[in-house]
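Worksheet: the structure to be examined is printed underneath.
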Amino acid sequence: MKIIELILDEDQEEAGIDAISIVENPAIEEDFIALKNDQLKLAEVSKEKKLLMGPLLIPNKPIYRQNEDDSEEYYIYFSKDTIQKASQLYLKNGKQNNSTLEHQHSLSGLTLVESWIVEDEVNDKSRKYNMNVPVGTWMGTVKVNNDEVWNDYVKTNKVKGFSIEGYFADKMERPKEPVEEKLENKATELLSSIKMILNGN
């Protein structure tokens, strides 16, 4: 089965992450947790902070994909570098209020209020909440100012994690010989042809 690295095509205007979706089955297979006064369990609505914390993208983690017509199955993954760029671009483009439910319905009242890249295996906020994600993971905390979403989806465990929506490019396979070498060879051939024409050969 093919494994494809997705990268940011920075020449493409719409490249990057467009929204964060809350879903029942996150593709990265990591659930978020609902925070309430620094505890992991849910409590009465009046005392809840209505915050969800979890990984948004995990580096080098194969994510299963299938074409809409079921003709091809493959895996995609993101490098640490792409994840870092995508997380920065998401905030730079002011998309922290873009949220959807199961990648289908736009939601209002959800905002990414914390965003960070895990840099240390021991001393990271994610460890405090028993999330043992690898270095390079993009973590996020989303504030849910939408009672319907909180009561009907979060508290009932209908949604368990984050999933990102965005536009990425497939990484092209590297040529077997360096591109510069190919260009040099072509230039030499072209120059030789021009000399032959000028010499009347």
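Identifiers in the structure tokens: chain A, B, ... in order shown; residue index from 1 per chain; ligand index from 1 in order shown.
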Would you give me, as a ChimeraX atom specification, the residues in range 17-187 of chain A that DSSP reads as strand (DSSP E or B)? /A:17-23,33-36,39,51-57,63-66,73-77,99-101,105-107,110-117,138-144,161-167,169-170
Spatial neighbours of Thr137 in chain A, 9 Å, only C-alpha atoms, chain gap at least 2 places, as a list in words: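 In the requested format, the answer is Pro55, Leu56, Leu57, Ile58, Pro59, Lys80, Ile83, Gln84, Trp116, Ile117, Val118, Glu119, Val133, Pro134, Val135 and Met139 of chain A.
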Filtering to N, CA, C and O atoms, could you give me those residues as a PDB file, in the first residue's frame?
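Saved result, selection_10.pdb, follows:
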```pdb
ATOM      1  N   PRO A  55      -4.391  16.414  20.507  1.00  0.00           N
ATOM      2  CA  PRO A  55      -3.495  16.570  19.357  1.00  0.00           C
ATOM      3  C   PRO A  55      -4.278  16.882  18.093  1.00  0.00           C
ATOM      4  O   PRO A  55      -5.345  16.322  17.861  1.00  0.00           O
ATOM      5  N   LEU A  56      -3.721  17.801  17.292  1.00  0.00           N
ATOM      6  CA  LEU A  56      -4.323  18.150  16.011  1.00  0.00           C
ATOM      7  C   LEU A  56      -3.625  17.419  14.869  1.00  0.00           C
ATOM      8  O   LEU A  56      -4.271  16.963  13.933  1.00  0.00           O
ATOM      9  N   LEU A  57      -2.305  17.306  14.960  1.00  0.00           N
ATOM     10  CA  LEU A  57      -1.532  16.527  13.985  1.00  0.00           C
ATOM     11  C   LEU A  57      -0.343  15.894  14.687  1.00  0.00           C
ATOM     12  O   LEU A  57       0.318  16.549  15.500  1.00  0.00           O
ATOM     13  N   ILE A  58      -0.078  14.639  14.365  1.00  0.00           N
ATOM     14  CA  ILE A  58       1.039  13.900  14.950  1.00  0.00           C
ATOM     15  C   ILE A  58       2.035  13.584  13.830  1.00  0.00           C
ATOM     16  O   ILE A  58       1.634  13.052  12.787  1.00  0.00           O
ATOM     17  N   PRO A  59       3.313  13.920  14.019  1.00  0.00           N
ATOM     18  CA  PRO A  59       4.276  13.715  12.937  1.00  0.00           C
ATOM     19  C   PRO A  59       4.518  12.241  12.617  1.00  0.00           C
ATOM     20  O   PRO A  59       4.542  11.395  13.515  1.00  0.00           O
ATOM     21  N   LYS A  80       7.377  16.625  10.725  1.00  0.00           N
ATOM     22  CA  LYS A  80       7.417  17.646  11.789  1.00  0.00           C
ATOM     23  C   LYS A  80       7.443  19.040  11.187  1.00  0.00           C
ATOM     24  O   LYS A  80       6.776  19.957  11.670  1.00  0.00           O
ATOM     25  N   ILE A  83       4.042  20.067   9.790  1.00  0.00           N
ATOM     26  CA  ILE A  83       3.111  20.325  10.894  1.00  0.00           C
ATOM     27  C   ILE A  83       3.369  21.693  11.510  1.00  0.00           C
ATOM     28  O   ILE A  83       2.443  22.465  11.773  1.00  0.00           O
ATOM     29  N   GLN A  84       4.633  22.004  11.737  1.00  0.00           N
ATOM     30  CA  GLN A  84       4.962  23.307  12.329  1.00  0.00           C
ATOM     31  C   GLN A  84       4.518  24.454  11.417  1.00  0.00           C
ATOM     32  O   GLN A  84       3.889  25.414  11.864  1.00  0.00           O
ATOM     33  N   TRP A 116       0.290  24.791  20.406  1.00  0.00           N
ATOM     34  CA  TRP A 116       1.726  24.640  20.608  1.00  0.00           C
ATOM     35  C   TRP A 116       2.227  23.349  19.993  1.00  0.00           C
ATOM     36  O   TRP A 116       1.459  22.430  19.731  1.00  0.00           O
ATOM     37  N   ILE A 117       3.532  23.334  19.750  1.00  0.00           N
ATOM     38  CA  ILE A 117       4.209  22.144  19.240  1.00  0.00           C
ATOM     39  C   ILE A 117       4.950  21.488  20.408  1.00  0.00           C
ATOM     40  O   ILE A 117       5.678  22.161  21.134  1.00  0.00           O
ATOM     41  N   VAL A 118       4.746  20.194  20.601  1.00  0.00           N
ATOM     42  CA  VAL A 118       5.439  19.472  21.677  1.00  0.00           C
ATOM     43  C   VAL A 118       6.932  19.445  21.361  1.00  0.00           C
ATOM     44  O   VAL A 118       7.342  18.993  20.292  1.00  0.00           O
ATOM     45  N   GLU A 119       7.739  19.949  22.300  1.00  0.00           N
ATOM     46  CA  GLU A 119       9.186  20.042  22.080  1.00  0.00           C
ATOM     47  C   GLU A 119       9.999  19.169  23.029  1.00  0.00           C
ATOM     48  O   GLU A 119      11.200  19.021  22.849  1.00  0.00           O
ATOM     49  N   VAL A 133       2.049  11.977  23.444  1.00  0.00           N
ATOM     50  CA  VAL A 133       2.243  12.157  21.997  1.00  0.00           C
ATOM     51  C   VAL A 133       3.707  12.477  21.724  1.00  0.00           C
ATOM     52  O   VAL A 133       4.405  13.000  22.585  1.00  0.00           O
ATOM     53  N   PRO A 134       4.198  12.170  20.521  1.00  0.00           N
ATOM     54  CA  PRO A 134       5.615  12.388  20.234  1.00  0.00           C
ATOM     55  C   PRO A 134       5.988  13.858  20.060  1.00  0.00           C
ATOM     56  O   PRO A 134       5.121  14.704  19.802  1.00  0.00           O
ATOM     57  N   VAL A 135       7.273  14.132  20.209  1.00  0.00           N
ATOM     58  CA  VAL A 135       7.813  15.465  19.942  1.00  0.00           C
ATOM     59  C   VAL A 135       7.468  15.831  18.503  1.00  0.00           C
ATOM     60  O   VAL A 135       7.530  14.996  17.600  1.00  0.00           O
ATOM     61  N   MET A 139      -0.421  20.412  19.293  1.00  0.00           N
ATOM     62  CA  MET A 139      -1.468  20.310  20.303  1.00  0.00           C
ATOM     63  C   MET A 139      -2.340  21.562  20.268  1.00  0.00           C
ATOM     64  O   MET A 139      -1.863  22.653  19.937  1.00  0.00           O
TER      65      MET A 139
END
```
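Excluding Asp81 in chain A and any residue on its chain fewer than 6 positions from it, the residues at most 10 Å away by only C-alpha atoms are Ile7, Leu8, Pro59 and Gly136 of chain A.
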Counting only C-alpha atoms, which residues in range 46-128 of chain A sit no more than 8 Å from range 25-35 of chain A? For each one, give the nearest pair of atoms and the distance in Å, sorted by chain then residue number, as a tab-separated table.
```
residue	atom	partner	partner_atom	distance
A:Glu48	CA	A:Leu35	CA	7.6
A:Lys49	CA	A:Leu35	CA	6.6
A:Lys50	CA	A:Leu35	CA	6.8
A:Leu51	CA	A:Leu35	CA	5.3
A:Leu52	CA	A:Ala34	CA	4.7
A:Met53	CA	A:Phe32	CA	5.2
A:Gly54	CA	A:Phe32	CA	4.1
A:Pro55	CA	A:Glu30	CA	6.9
A:Leu57	CA	A:Ile28	CA	7.1
A:Ile58	CA	A:Ile28	CA	7.0
A:Lys61	CA	A:Ile28	CA	7.3
A:Ile63	CA	A:Ala27	CA	6.1
A:Tyr64	CA	A:Ala27	CA	7.5
```
Run DSSP on the backbone of this structure and report the residues of range 17-154 of chain A it assigns to helix (DSSP H, G or I), as a list in words.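 After running DSSP on the backbone, range 17-154 of chain A has helix (DSSP H, G or I) at Val45, Ser46, Lys47, Lys80, Asp81, Thr82, Ile83, Gln84, Lys85, Ala86, Ser87, Gln88, Leu89, Tyr90, Leu91, Lys92, Lys125, Ser126, Arg127, Lys128, Asp147, Glu148, Val149, Trp150, Asn151, Asp152, Tyr153 and Val154 of chain A.
Each of A:Ser87, A:Thr82, A:Asn67, A:Ser163 was compared to His103 in chain A using only C-alpha atoms, and A:Ser163 turns out to be the nearest.
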Could you work out how far CA of Asp120 in chain A lies from CA of Leu91 in chain A, giving the answer in Å with one decimal? 22.2 Å
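Of the residues listed (A:Asp147, A:Glu189, A:Glu5, A:Asp11), A:Glu5 shows the shortest atom-to-atom separation from Ser79 in chain A; distances use only C-alpha atoms.
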Residue neighbourhood Glu102 in chain A, 9 Å, only C-alpha atoms, exclusion window fewer than 6 positions, as an MDAnalysis selection string: chainID A and resid 21:25 159 163
Output N, CA, C and O atoms of each residue in that selection to a file, as a compact mmCIF listing (two decimals), in the first residue's frame.
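Final file, part_32.txt:
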```txt
# COMPACT_ATOMS: atom_id res chain seq x y z
N SER A 21 -12.08 20.12 12.85
CA SER A 21 -13.36 19.43 12.99
C SER A 21 -13.35 18.59 14.27
O SER A 21 -12.33 18.01 14.62
N ILE A 22 -14.48 18.57 14.95
CA ILE A 22 -14.61 17.65 16.08
C ILE A 22 -15.35 16.42 15.55
O ILE A 22 -16.38 16.54 14.90
N VAL A 23 -14.77 15.25 15.81
CA VAL A 23 -15.26 14.03 15.18
C VAL A 23 -15.35 12.87 16.17
O VAL A 23 -14.71 12.90 17.22
N GLU A 24 -16.13 11.88 15.79
CA GLU A 24 -16.24 10.68 16.64
C GLU A 24 -14.99 9.82 16.53
O GLU A 24 -14.49 9.30 17.52
N ASN A 25 -14.48 9.68 15.32
CA ASN A 25 -13.31 8.82 15.09
C ASN A 25 -12.18 9.62 14.45
O ASN A 25 -12.08 9.67 13.23
N VAL A 159 -18.51 12.97 20.07
CA VAL A 159 -17.25 13.38 19.45
C VAL A 159 -16.13 13.11 20.44
O VAL A 159 -16.28 13.32 21.63
N SER A 163 -9.91 16.58 14.13
CA SER A 163 -9.46 16.20 12.80
C SER A 163 -9.33 17.50 12.01
O SER A 163 -10.15 18.39 12.16
```
